[in-house]
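What follows is a set of notes on a single structure, which appears directly below.
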There are 2 protein chains.
Amino acid sequence: MTPSNPLIAPVLPRVTERLAVRPLGLADVGLTRGFWADWQRLNRDVTIPHALHWLERDGSVDNLRDVAAGAPSAHRGMWFSDSDVYKMLEGLSWDLGRGPTAQLSDAAAALIDVVRRAQEDDGYVNSFVQAGHGQRWEHMATSHELYCIGHLIQAAVAHHRATGGGDLLAVAQRAADCAVREFGDHRRKDTDGHPIIEMALVELYRETGRRSYLDLAQQFIDVRGYRALDPGGHFDSAYFQDETPVRQQTTVVGHAVRALYLLSGVVDIYLETGEQALLDSAVRQWESMTATKTYLNGAVGSRFDGESFGDEYELPQDLVYGETCATIAAIMLSWRLLLATGQSRFADSIERALFNLFAASTSVERNAFFYNNPAHRRVARPAAPGDGRPQRAEAPGTRPPWFQCACCPPNIVRTIASLGAYLATYAETGVQIHQYAPATISTGAGIGLVMETDYPLDGTVDVRVAQTNGERWTLSLRVPAWCRGATVSVNGTTAPAAADERGYVSVTREWRAGDTVSLVMPMPVRLTLPHPAADAVRGTVAIERGPIVYCLESPDQPDGVDLNRVELLVDEPLVEERRELLGGTVPVVHVEALARDDTAWAGSGWATLGEEPPLVGRRVTLTAIPYHLWANRGPSVMRIFAPARRG
Amino acid sequence: MTPSNPLIAPVLPRVTERLAVRPLGLADVGLTRGFWADWQRLNRDVTIPHALHWLERDGSVDNLRDVAAGAPSAHRGMWFSDSDVYKMLEGLSWDLGRGPTAQLSDAAAALIDVVRRAQEDDGYVNSFVQAGHGQRWEHMATSHELYCIGHLIQAAVAHHRATGGGDLLAVAQRAADCAVREFGDHRRKDTDGHPIIEMALVELYRETGRRSYLDLAQQFIDVRGYRALDPGGHFDSAYFQDETPVRQQTTVVGHAVRALYLLSGVVDIYLETGEQALLDSAVRQWESMTATKTYLNGAVGSRFDGESFGDEYELPQDLVYGETCATIAAIMLSWRLLLATGQSRFADSIERALFNLFAASTSVERNAFFYNNPAHRRVARPAAPGDGRPQRAEAPGTRPPWFQCACCPPNIVRTIASLGAYLATYAETGVQIHQYAPATISTGAGIGLVMETDYPLDGTVDVRVAQTNGERWTLSLRVPAWCRGATVSVNGTTAPAAADERGYVSVTREWRAGDTVSLVMPMPVRLTLPHPAADAVRGTVAIERGPIVYCLESPDQPDGVDLNRVELLVDEPLVEERRELLGGTVPVVHVEALARDDTAWAGSGWATLGEEPPLVGRRVTLTAIPYHLWANRGPSVMRIFAPARRG
């Protein structure tokens with residue numbers, strides 16, 4: 001079975017032999033209602049205009065416009081501000097792929113025109129360098145020139161796939177050709193300090209068939225890890241993933257976004273070339289990351305210093321960095337590994353990331369963002385200025401509308417716009433559904449499905465066959481790792497949902513229009529324990545329900561309760577209650593706790609064992625809400641994990 | 001009673017009415033043998049030549065020399081490298097005060113000559129600005145001009161006190177006069193982004209009697225906290241202690257060294273002016289810091305980002321910054337508060353800092369240093385290059401010989417050289433001993449004491465009256481907060497050592513030469529629990545013995561034990577054993593533990609409560625060593641706190 005439409009999606013391998021499952025596109029999978037569809041609507045109506053406003057206000061478009069006019073003045077903002085414009089162009093393009101509007105189309109066309117005019121005759125484009133800051137390709141460790149071109153390529157590929165228009169693709173090819181001339185055939189031994197060019201070039205190869213792009217991507221992967229880059233300043237080679245060659249690397253190190261963009265490119269190259277060592281390395285690093293360097297909310301990259309991964313189980317809650325872009329990059333990597341393997345663990349990881357850290361990154365109004373995402377906020381910090389753009393670090397008490405380093409908001413835009421592509425895949429044998437949301441799914445070949453669900457409010461997912469081709473095929477539904485006791489029914493006949501070795505429950509039959517498969521995933525509130533080596537959360541528990549990680553936030557607690565001084569009574573029952581909160585129906589969770597009174601500790605930070613003050617406090621009922629909703633009601637105290645007390 | 005010699009010590013208030021106890025100097029208190037005397041010897045023989053070598057090698061002296069020669073070339077190193085030269089001059093001066101040598105004297109004279117010649121006619125001196133980088137007093141938030149002058153003043157005051165020589169003092173006065181002309185009488189509203197000028201100016205006032213210096217110090221305290229500084233770049237006003245006026249501040253915030261240098265100046269001003277609000281603020285902030293923002297090893301400043309204090313109880317072990325200079329600054333603050341109040345808690349804090357983080361900052365050979373000090377090292381990092389100087393952050397597996405930002409090593413030098421001044425004080429009523437080490441103490445007025453002890457190897461301290469004046473006076477000895485069951489005996493007659501409200505046991509009598517007071521402090525190994533709000537160390541214990549914090553380091557453990565996977569069996573006895581280690585006799589501690597086998601957790605970082613794998617492992621005996629000795633035997637894994645298991 002093959003989709004009838006040209007696919008509109010990121011990651012479209014030219015060869016399909018190494019794909020366990022194959023992507024569908026935005027024309028094939030449409031979100032119809034619910035959490036993600038609502039966000040897609042607000043992404044178009046609120047976030048995109050908001051982001052375009054800020055890109056203008058901060059001079060990011062003007063930087064290119066001035067170069068285009070042949071009059072580069074003082075470059076404003078970060079030296080890689082072009083990438084934010086390109087990422088928005090990519091977001092606009094995917095959103096056009098969901099369904100064109102004149103407004104989106106015009107906005108994209110205007111930006112494309114600026115970029116086209118800013119480009120030099122030989123294809124080079126970088127508004128910072130063109131404004132007279134340094135020489136081309138001079139400081140590869142830090143210049144972000146290929147990083148910016150990588151984002152340009154991704155935008156162009158998205159625009160071409162979504163609209164068929166070739167003007168931005170031509171710009172991107174000229175830029176890529178310029179890079180090929182400079183770096184290709186191992187004319188240089190170095191690469192960009194910030195990966196993304198690798199996966200971008202593979203996608204450009206997919207779109208154009210030009211082998212030189214794939215070769216250059218491969219070269220950039222191959223040179224890395226041999227100290228190809230001069231670290232120069234504050235950061236070492238590990239920060240740049242330049243200390244160990246990728247094929248030898250066993251775990252994710254250094255700057256988290258860079259590490260995961262790089263690994264996404266590594267899998268992309270494997271998908272085209274079949275070099276098993278690349279897939280093995282990516283899986284090995286993903287496994288290490290998932291087991292030892294990922295927070296419950298899907299955060300990756302614990303350190304502020306270098307925005308980097310820490311050591312194994314270095315997961316402090318009160319000092320986590322947890323950049324939004326890093327979690328988006330983890331989704332990009334997991335998606336590629338899902339295509340390569342068809343294993344549900346990669347879809348599980350995407351689900352955890354999407355419903356928790358990713359969703360928390362953005363205000364419910366979808367016009368304000370966290371750059372880095374706290375997991376435990378001890379003190380309510382001042383609200384973000386409503387009209388300012390702070391530095392990225394040290395998230396304020398609420399989400400700011402923009403950042404001086406504005407990488408995250410456009411990354412959110414492009415992810416939401418293309419989200420439909422992550423829901424389902426197909427193979428010769430049938431259709432696989434990875435993420436649950438109300439949606440229509442068409443695989444071409446005469447197959448159409450309608451997914452209805454209130455997920456994650458409720459764990460029941462109905463998939464109705466709206467159209468089929470009379471052949472026998474398999475419908476596979478992911479059984480999430482968090483799920484116990486799932487059942488599946490076909491037209492009302494229920495059976496336990498026994499997942500196969502890939503983690504999916506499958507139904508194979510000659511389908512008829514109207515056939516309905518219902519997957520029921522019981523979704524009781526549960527308490528989650530951390531791994532015993534995760535020192536920072538020893539003796540604590542978190543509350544989860546289905547894919548949703550909960551948090552305790554100060555506005556929901558009884559008067560006088562300090563969330564830094566509570567002990568959850570984990571043997572008491574958890575009580576779920578549906579509440580209208582922040583514009584939606586939300587299951588909140590009531591948990592019994594001891595509000596600890598630490599006054600007997602007086603001014604001491606420690607006590608000799610045997611002399612410590614007894615644990616005292618009063619019994620209270622706390623209320624937990626989904627983590628992704630925190631910090632939407634003003635500055636607050638918040639925590640995901642809280643001390644657990646038995647008996 | 002008044003010392004007969006001119007005092008050679010930091011912090012010599014002009015008025016004594018607000019001093020609960022009064023300082024003695026390096027000519028009055030001499031360390032005779034043992035841990036600190038050995039370090040003082042190596043400080044002179046090893047560290048000082050080593051540091052002078054690096055200051056030459058890195059161009060820090062040349063920066064001033066070039067200006068002196070009227071030919072400033074490219075300034076090398078940090079823009080505040082002058083301060084390192086001055087701090088070394090201060091260290092040399094205090095060491096001269098302990099006992100002059102021609103070599104030290106010549107080294108100091110040569111540096112003084114360079115500085116004198118580099119100074120401009122109007123007193124301004126800053127080799128970075130004089131080399132053409134920016135304008136004088138232009139970027140006060142970041143320029144460190146007054147910071148450098150502050151260090152110059154401290155060096156000059158030390159040199160004057162130690163040698164009586166006035167040449168460097170004259171240079172410092174000219175520089176201070178230049179600052180007075182620029183900033184004094186509120187001609188400007190701003191101050192330096194990095195405090196130290198405040199306490200330096202107070203000391204210069206003490207040394208010269210010039211009121212304008214005290215007034216300017218007061219002005220710099222008064223303007224701070226009203227956003228006097230333009231933060232400009234990455235950091236906010238709190239980083240500079242410029243968000244809240246000092247009299248209103250309730251806790252330490254922002255860059256730790258800056259916060260504590262500032263507070264030291266605040267107490268200095270209180271001591272001269274008697275403004276109670278300043279003392280109250282300093283005590284309040286010290287209390288908050290000590291109870292909620294200080295690590296067991298005396299580290300302060302948990303965050304890499306901004307080298308800053310975290311929120312209350314934000315004490316992650318695996319991500320602590322713990323700058324050596326911050327702990328030195330905490331000692332400086334505690335010492336001033338001890339002089340003001342006579343309370344032992346400030347001496348306790350100094351003891352904890354000295355024997356743990358401060359001692360750990362330096363290799364046992366005393367020629368290599370940690371800038372930031374880990375409390376938990378999960379993975380053995382590569383050794384520091386023996387001949388390189390890394391960036392400050394991300395301490396390598398062993399101590400590097402120097403740093404690009406070289407503030408810590410000279411800070412260690414000046415602290416060790418002046419350490420005798422922190423041992424004892426006097427008052428009209430008698431003598432107070434705060435720190436225990438073999439030493440001679442002379443208070444003038446005919447009183448001489450000899451302290452003999454193997455502290456902290458052993459908890460017995462003998463103080464013999466070598467000389468007295470026939471009058472009745474009081475000998476006061478600190479009873480450390482960690483101590484239980486101390487006894488005191490006078491000439492062999494023993495009684496419980498009941499500490500007074502200040503924390504000291506006192507003996508008052510008409511002393512005779514030969515009288516001996518023995519304080520016996522039982523020093524069993526003990527287990528220490530963290531405060532229940534210190535989330536990062538919940539469920540763990542640390543090992544302590546007397547003032548010494550222990551750590552588990554990989555070289556001492558049985559084969560195959562991963563210190564990231566141990567549970568200490570805290571109901572089993574701890575066994576102490578004296579061992580020769582790293583050139584000394586060291587009580588090591590054997591502790592029974594479970595070496596945990598986490599394989600059943602497989603690739604998961606969490607588990608649903610009730611489904612978690614059972615705790616399994618094998619019984620092992622671990623060995624703990626004093627924390628300050630860690631990382632002297634090559635790269636290692638290390639932790640101070642480890643999970644505790646009962647029953």
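Residue numbering restarts at 1 in every chain; chains get A, B, ... in the order shown in the structure tokens, and ligands count up from 1 in that same order.
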For this session: Up to 7 Å from chain B, what residues of chain A turn up? Count only C-alpha atoms and give them as a VMD selection string.
Result: chain A and resid 234 287 291 to 292 304 to 305 311 314 316 318 378 to 379 391 526 to 531 533 535 to 539 564 to 565 603 to 609
For this session: If you run DSSP over the backbone, which residues in segment 216-443 of chain B end up strand (DSSP E)? Put them as a list of chain:residue names.
Result: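 Strand (DSSP E) assignments inside segment 216-443 of chain B correspond to B:His376, B:Arg377, B:Ala424, B:Thr425, B:Tyr426, B:Ala427, B:Gly430, B:Val431, B:Gln432, B:Ile433, B:Ala439, B:Thr440, B:Ile441, B:Ser442, B:Thr443.
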Write to file, as a JSON list (two decimals), in the first residue's frame, the residues of the selection just made, with N, CA, C and O atoms.
[["chain", "number", "residue", "atom", "x", "y", "z"],
["B", 376, "HIS", "N", 30.17, 15.23, 44.65],
["B", 376, "HIS", "CA", 29.83, 13.88, 44.17],
["B", 376, "HIS", "C", 30.31, 13.79, 42.74],
["B", 376, "HIS", "O", 29.84, 14.53, 41.87],
["B", 377, "ARG", "N", 31.25, 12.93, 42.53],
["B", 377, "ARG", "CA", 31.77, 12.74, 41.18],
["B", 377, "ARG", "C", 31.36, 11.34, 40.75],
["B", 377, "ARG", "O", 31.84, 10.35, 41.28],
["B", 424, "ALA", "N", 43.12, 32.81, 67.55],
["B", 424, "ALA", "CA", 42.82, 33.27, 68.91],
["B", 424, "ALA", "C", 42.55, 34.76, 68.92],
["B", 424, "ALA", "O", 42.94, 35.48, 67.98],
["B", 425, "THR", "N", 41.85, 35.20, 69.95],
["B", 425, "THR", "CA", 41.57, 36.62, 70.14],
["B", 425, "THR", "C", 41.78, 36.94, 71.62],
["B", 425, "THR", "O", 42.02, 36.05, 72.44],
["B", 426, "TYR", "N", 41.67, 38.22, 71.93],
["B", 426, "TYR", "CA", 41.75, 38.60, 73.34],
["B", 426, "TYR", "C", 40.66, 39.61, 73.64],
["B", 426, "TYR", "O", 40.04, 40.19, 72.73],
["B", 427, "ALA", "N", 40.44, 39.80, 74.92],
["B", 427, "ALA", "CA", 39.52, 40.85, 75.37],
["B", 427, "ALA", "C", 40.08, 41.35, 76.70],
["B", 427, "ALA", "O", 41.09, 40.81, 77.19],
["B", 430, "GLY", "N", 40.40, 38.40, 79.03],
["B", 430, "GLY", "CA", 41.22, 37.23, 78.83],
["B", 430, "GLY", "C", 41.44, 36.87, 77.38],
["B", 430, "GLY", "O", 41.34, 37.72, 76.49],
["B", 431, "VAL", "N", 41.72, 35.58, 77.17],
["B", 431, "VAL", "CA", 42.10, 35.09, 75.85],
["B", 431, "VAL", "C", 41.08, 34.05, 75.39],
["B", 431, "VAL", "O", 40.61, 33.24, 76.20],
["B", 432, "GLN", "N", 40.74, 34.08, 74.08],
["B", 432, "GLN", "CA", 39.81, 33.11, 73.52],
["B", 432, "GLN", "C", 40.51, 32.32, 72.42],
["B", 432, "GLN", "O", 41.14, 32.92, 71.55],
["B", 433, "ILE", "N", 40.40, 31.03, 72.50],
["B", 433, "ILE", "CA", 40.98, 30.21, 71.44],
["B", 433, "ILE", "C", 39.84, 29.62, 70.60],
["B", 433, "ILE", "O", 38.94, 28.97, 71.11],
["B", 439, "ALA", "N", 50.47, 25.69, 68.56],
["B", 439, "ALA", "CA", 50.75, 27.11, 68.32],
["B", 439, "ALA", "C", 51.25, 27.76, 69.60],
["B", 439, "ALA", "O", 51.03, 27.25, 70.71],
["B", 440, "THR", "N", 51.93, 28.87, 69.42],
["B", 440, "THR", "CA", 52.23, 29.74, 70.55],
["B", 440, "THR", "C", 51.37, 30.99, 70.41],
["B", 440, "THR", "O", 51.16, 31.50, 69.31],
["B", 441, "ILE", "N", 50.86, 31.45, 71.57],
["B", 441, "ILE", "CA", 49.98, 32.61, 71.56],
["B", 441, "ILE", "C", 50.51, 33.61, 72.59],
["B", 441, "ILE", "O", 50.70, 33.26, 73.76],
["B", 442, "SER", "N", 50.73, 34.80, 72.11],
["B", 442, "SER", "CA", 51.19, 35.85, 73.03],
["B", 442, "SER", "C", 50.24, 37.02, 72.91],
["B", 442, "SER", "O", 49.90, 37.45, 71.80],
["B", 443, "THR", "N", 49.75, 37.49, 74.04],
["B", 443, "THR", "CA", 48.81, 38.61, 73.95],
["B", 443, "THR", "C", 49.46, 39.90, 74.41],
["B", 443, "THR", "O", 48.79, 40.90, 74.60]]
Problem set entry | One-decimal distance in Å that lies between atom CA of Val588 of chain B and atom CA of Pro558 of chain B |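 Between these atoms lies a distance of 14.7 Å.
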Problem set entry | Non-local contacts of Gly164 of chain A (10 Å; only C-alpha atoms; under 6 positions in same chain excluded) as number ranges by chain | A: 6, 8, 97, 157-158
For this session: Would you please give, as an MDAnalysis selection string, all residues of segment 293-455 of chain B that DSSP assigns to helix (DSSP H, G or I) based on the backbone?
Result: chainID B and resid 305:307 324:341 344:360 408:417 419:422
